[in-house]
Amino acid sequence: MKASICSKRPVLEPCSLESSDYQIDPYIGCEHYCYYCYVLGQAETDWTEEILIHEDITGRLRTDLSGIPPQRIYMGWHTDPYQPCEAEIRQTRQVLELLLEMGFSAGILTKSNLVLRDLDLFQAMNDANVSVSVAFMDNAVRRKFEWRTIDTEARIEALREFKKAGVRTSALICPVIPYVTDAASLIETLAPHTDKIWIYGLSILNRSDQNWRNVEGILERDFPDMKEQIETAVFSKDHSYWEKLRQDLVSLQKDKQLNLSIHV
Ligand code: SF4
C-alpha cells in the first residue's frame, strides 16, 4: 500500500456526534474499501493502491490540542484507524500516545482487531471507549460487501478482551442491509461484550452514488431474486421492512434489557 503525505487537510476537526466535540481521522482514505462505504464518493485516491497520511500529525495535533480542554476525541469517522497499514505506519498509535500524554482520551471505531495492540493506552486513559463495527453474522456474505475486513468473530473477540480489561466497549451494527443483515442475531451475540449498541440502516442518497453502484453490482450477481425488494427498501425509509425491524428491536431491547440506540 502506497502512503503519500498530505499537508493540506486539518488534523483536528469538529465532530457532530453527541459524545464528542472533536474528531481525528489518522488517515485520509481506507484500505478496507467496503463497497457500501459512504466516504467512497469523496475518495481522493484509489484506496486499493494509495492512501494519504497527515504530514507531522503529532506536531500539528499538539498545537491544536493545546487550545482546547482535555476531553474524549472521536476517531473513525471517515477512515478506519486500524486499517492494515496501521500495523506498520502507526499514525493511530502516535495520536493515542499524544492524547494520553496531554490528558485527553479517545473514542474509537474500527473493523479490525489490530486495536488490541493499543489496549495499554486505552486502559491508561480516563473515559476511553472502544467500539467495533459489524454488519454480517455470515462471513461468506460479509466478504461480498467487505472484501478486506476481518471475520466478525475476531472483532467480537477484541471487544471481549477490552471489556475484560475494564475498558468501556460498544458496537455499531451498520449498515443493516434489508433482508440480508440479521440485526437481532448480531445484537444477541454482541450484547455480552458491549455497554451499548447502535444500529443504523444502509443509507444511500442517490442511485448514481459510487457506493450504490457497487452494492447494486453485488445484488445483481449474488442476490438476483432479492435485488428488487432490497433496492426498494434501501431507497424508502418508510418501507414496511424498516417499521417491522424497529418494532422487533424495541421488543428485543425491552425483553433483554439492552442498551440499544436504534436508528433504522
Ligand atoms: S472501514 Fe469504514 S471507512 Fe473504511 S471503507 Fe469500510 S466503511 Fe469506509
# chains A, B, ... in the order shown; residues from 1 in each chain; ligands from 1
>>> residues_near_ligand(ligand="ligand 1", cutoff="8 Å", atoms="only C-alpha atoms and all ligand atoms", output="VMD selection string")
chain A and resid 29 to 40 76 to 80 83 110 to 111 146 149
>>> residues_around(residues="Ile173 of chain A", least_positions_apart="6", cutoff="8 Å", atoms="only C-alpha atoms", output="ChimeraX atom specification")
/A:133-135,183,186,197-200
>>> residues_around(residues="segment 63-72 of chain A", least_positions_apart="5", cutoff="9 Å", atoms="only C-alpha atoms", output="ChimeraX atom specification")
/A:11-12,19-23,58,99,102-107,126-129
>>> write_last_selection(atoms="N, CA, C and O atoms", output="mmCIF file, in the first residue's frame")
data_model
loop_
_atom_site.group_PDB
_atom_site.id
_atom_site.type_symbol
_atom_site.label_atom_id
_atom_site.label_comp_id
_atom_site.auth_asym_id
_atom_site.auth_seq_id
_atom_site.Cartn_x
_atom_site.Cartn_y
_atom_site.Cartn_z
ATOM 1 N N VAL A 11 -5.958 18.308 10.974
ATOM 2 C CA VAL A 11 -5.898 17.038 11.709
ATOM 3 C C VAL A 11 -7.069 16.957 12.689
ATOM 4 O O VAL A 11 -7.844 16.000 12.674
ATOM 5 N N LEU A 12 -7.209 17.987 13.513
ATOM 6 C CA LEU A 12 -8.319 18.013 14.475
ATOM 7 C C LEU A 12 -9.500 18.741 13.840
ATOM 8 O O LEU A 12 -9.349 19.874 13.374
ATOM 9 N N SER A 19 -21.434 12.446 21.530
ATOM 10 C CA SER A 19 -20.435 12.073 22.535
ATOM 11 C C SER A 19 -19.124 12.836 22.418
ATOM 12 O O SER A 19 -18.298 12.776 23.328
ATOM 13 N N SER A 20 -18.877 13.521 21.295
ATOM 14 C CA SER A 20 -17.576 14.178 21.101
ATOM 15 C C SER A 20 -17.733 15.490 20.341
ATOM 16 O O SER A 20 -18.524 15.582 19.402
ATOM 17 N N ASP A 21 -16.938 16.473 20.735
ATOM 18 C CA ASP A 21 -16.938 17.755 20.014
ATOM 19 C C ASP A 21 -15.906 17.781 18.894
ATOM 20 O O ASP A 21 -15.994 18.590 17.982
ATOM 21 N N TYR A 22 -14.892 16.897 19.013
ATOM 22 C CA TYR A 22 -13.809 16.905 18.029
ATOM 23 C C TYR A 22 -13.508 15.483 17.564
ATOM 24 O O TYR A 22 -13.707 14.525 18.304
ATOM 25 N N GLN A 23 -12.971 15.405 16.351
ATOM 26 C CA GLN A 23 -12.580 14.097 15.824
ATOM 27 C C GLN A 23 -11.289 14.211 15.017
ATOM 28 O O GLN A 23 -10.935 15.289 14.543
ATOM 29 N N THR A 58 1.604 14.475 14.731
ATOM 30 C CA THR A 58 1.650 14.762 16.173
ATOM 31 C C THR A 58 2.058 16.211 16.454
ATOM 32 O O THR A 58 1.567 16.822 17.403
ATOM 33 N N LEU A 99 -2.531 11.947 22.829
ATOM 34 C CA LEU A 99 -3.770 12.233 23.570
ATOM 35 C C LEU A 99 -3.577 11.898 25.048
ATOM 36 O O LEU A 99 -3.923 12.678 25.932
ATOM 37 N N MET A 102 -1.330 14.328 26.894
ATOM 38 C CA MET A 102 -1.906 15.652 27.131
ATOM 39 C C MET A 102 -3.207 15.599 27.941
ATOM 40 O O MET A 102 -3.919 16.591 28.047
ATOM 41 N N GLY A 103 -3.523 14.416 28.478
ATOM 42 C CA GLY A 103 -4.686 14.299 29.360
ATOM 43 C C GLY A 103 -6.013 14.106 28.646
ATOM 44 O O GLY A 103 -7.074 14.230 29.267
ATOM 45 N N PHE A 104 -5.980 13.793 27.331
ATOM 46 C CA PHE A 104 -7.207 13.543 26.578
ATOM 47 C C PHE A 104 -7.495 12.034 26.574
ATOM 48 O O PHE A 104 -6.661 11.227 26.972
ATOM 49 N N SER A 105 -8.676 11.674 26.084
ATOM 50 C CA SER A 105 -8.945 10.252 25.869
ATOM 51 C C SER A 105 -9.527 10.094 24.461
ATOM 52 O O SER A 105 -9.700 11.085 23.739
ATOM 53 N N ALA A 106 -9.830 8.848 24.086
ATOM 54 C CA ALA A 106 -10.290 8.589 22.718
ATOM 55 C C ALA A 106 -11.512 7.691 22.722
ATOM 56 O O ALA A 106 -11.660 6.818 23.577
ATOM 57 N N GLY A 107 -12.387 7.935 21.748
ATOM 58 C CA GLY A 107 -13.480 7.017 21.439
ATOM 59 C C GLY A 107 -13.209 6.523 20.038
ATOM 60 O O GLY A 107 -13.127 7.331 19.101
ATOM 61 N N ASN A 126 -8.528 8.137 30.789
ATOM 62 C CA ASN A 126 -9.724 8.315 31.585
ATOM 63 C C ASN A 126 -10.911 8.358 30.616
ATOM 64 O O ASN A 126 -10.939 9.203 29.723
ATOM 65 N N ASP A 127 -11.871 7.398 30.725
ATOM 66 C CA ASP A 127 -13.088 7.506 29.935
ATOM 67 C C ASP A 127 -12.942 7.131 28.456
ATOM 68 O O ASP A 127 -13.637 7.684 27.592
ATOM 69 N N ALA A 128 -12.029 6.225 28.123
ATOM 70 C CA ALA A 128 -11.906 5.800 26.723
ATOM 71 C C ALA A 128 -13.060 4.868 26.344
ATOM 72 O O ALA A 128 -13.685 4.256 27.213
ATOM 73 N N ASN A 129 -13.346 4.797 25.056
ATOM 74 C CA ASN A 129 -14.383 3.889 24.567
ATOM 75 C C ASN A 129 -13.880 3.226 23.288
ATOM 76 O O ASN A 129 -13.414 3.904 22.376
#
>>> residues_around(residues="Arg142 of chain A", least_positions_apart="2", cutoff="12 Å", atoms="only C-alpha atoms", output="VMD selection string")
chain A and resid 34 to 36 111 134 to 140 144 to 153 174 to 177 180 to 182 218
>>> select_by_dssp(residues="segment 7-224 of chain A", states="strand (DSSP E or B)", output="ChimeraX atom specification")
/A:12-14,22-24,27-28,50-54,72-75,105-110,129-134,168-176,196-201
>>> decode(residues="segment 54-85 of chain A", atoms="N, CA and C atoms", output="compact mmCIF listing (two decimals), in the first residue's frame")
# COMPACT_ATOMS: atom_id res chain seq x y z
N HIS A 54 -1.34 12.35 7.19
CA HIS A 54 -1.06 13.74 7.52
C HIS A 54 0.44 13.94 7.73
N GLU A 55 0.94 15.03 7.22
CA GLU A 55 2.33 15.40 7.46
C GLU A 55 2.46 15.84 8.93
N ASP A 56 3.44 15.34 9.63
CA ASP A 56 3.74 15.73 11.02
C ASP A 56 2.47 15.72 11.88
N ILE A 57 1.79 14.59 11.89
CA ILE A 57 0.47 14.54 12.56
C ILE A 57 0.57 14.93 14.04
N THR A 58 1.60 14.48 14.73
CA THR A 58 1.65 14.76 16.17
C THR A 58 2.06 16.21 16.45
N GLY A 59 2.93 16.75 15.62
CA GLY A 59 3.34 18.14 15.80
C GLY A 59 2.15 19.08 15.63
N ARG A 60 1.38 18.84 14.58
CA ARG A 60 0.22 19.71 14.31
C ARG A 60 -0.87 19.50 15.36
N LEU A 61 -1.02 18.25 15.75
CA LEU A 61 -2.06 17.93 16.72
C LEU A 61 -1.73 18.52 18.10
N ARG A 62 -0.47 18.50 18.45
CA ARG A 62 -0.07 19.07 19.75
C ARG A 62 -0.49 20.54 19.83
N THR A 63 -0.28 21.26 18.75
CA THR A 63 -0.68 22.67 18.71
C THR A 63 -2.20 22.79 18.82
N ASP A 64 -2.92 21.99 18.05
CA ASP A 64 -4.40 22.06 18.06
C ASP A 64 -4.94 21.74 19.47
N LEU A 65 -4.41 20.69 20.08
CA LEU A 65 -4.95 20.25 21.37
C LEU A 65 -4.64 21.22 22.49
N SER A 66 -3.56 21.96 22.35
CA SER A 66 -3.20 22.89 23.43
C SER A 66 -4.22 24.02 23.53
N GLY A 67 -5.08 24.17 22.52
CA GLY A 67 -6.07 25.25 22.56
C GLY A 67 -7.44 24.82 23.07
N ILE A 68 -7.60 23.56 23.45
CA ILE A 68 -8.91 23.09 23.95
C ILE A 68 -8.74 22.30 25.24
N PRO A 69 -9.80 22.24 26.08
CA PRO A 69 -9.66 21.49 27.33
C PRO A 69 -9.61 19.98 27.06
N PRO A 70 -8.95 19.21 27.93
CA PRO A 70 -8.91 17.76 27.76
C PRO A 70 -10.32 17.16 27.68
N GLN A 71 -10.53 16.25 26.79
CA GLN A 71 -11.83 15.65 26.54
C GLN A 71 -11.64 14.39 25.69
N ARG A 72 -12.74 13.69 25.43
CA ARG A 72 -12.64 12.49 24.59
C ARG A 72 -12.75 12.89 23.11
N ILE A 73 -11.80 12.42 22.31
CA ILE A 73 -11.76 12.73 20.88
C ILE A 73 -12.17 11.48 20.10
N TYR A 74 -13.05 11.67 19.12
CA TYR A 74 -13.54 10.54 18.33
C TYR A 74 -12.59 10.24 17.16
N MET A 75 -12.38 8.95 16.92
CA MET A 75 -11.53 8.53 15.80
C MET A 75 -12.21 7.39 15.05
N GLY A 76 -12.46 7.61 13.74
CA GLY A 76 -13.07 6.55 12.94
C GLY A 76 -14.25 7.02 12.12
N TRP A 77 -14.29 8.32 11.83
CA TRP A 77 -15.45 8.87 11.11
C TRP A 77 -15.36 8.61 9.61
N HIS A 78 -14.23 9.02 9.01
CA HIS A 78 -14.09 8.88 7.55
C HIS A 78 -13.04 7.84 7.16
N THR A 79 -12.53 7.13 8.13
CA THR A 79 -11.48 6.15 7.85
C THR A 79 -11.47 5.14 8.98
N ASP A 80 -10.83 3.98 8.76
CA ASP A 80 -10.65 3.05 9.87
C ASP A 80 -9.26 3.27 10.46
N PRO A 81 -9.18 3.69 11.74
CA PRO A 81 -7.87 3.97 12.34
C PRO A 81 -6.97 2.73 12.41
N TYR A 82 -7.57 1.53 12.28
CA TYR A 82 -6.78 0.29 12.35
C TYR A 82 -6.85 -0.49 11.04
N GLN A 83 -6.88 0.22 9.92
CA GLN A 83 -6.76 -0.47 8.64
C GLN A 83 -5.37 -1.11 8.58
N PRO A 84 -5.15 -2.09 7.68
CA PRO A 84 -3.91 -2.89 7.75
C PRO A 84 -2.61 -2.09 7.81
N CYS A 85 -2.51 -0.98 7.10
CA CYS A 85 -1.23 -0.24 7.07
C CYS A 85 -0.85 0.35 8.42
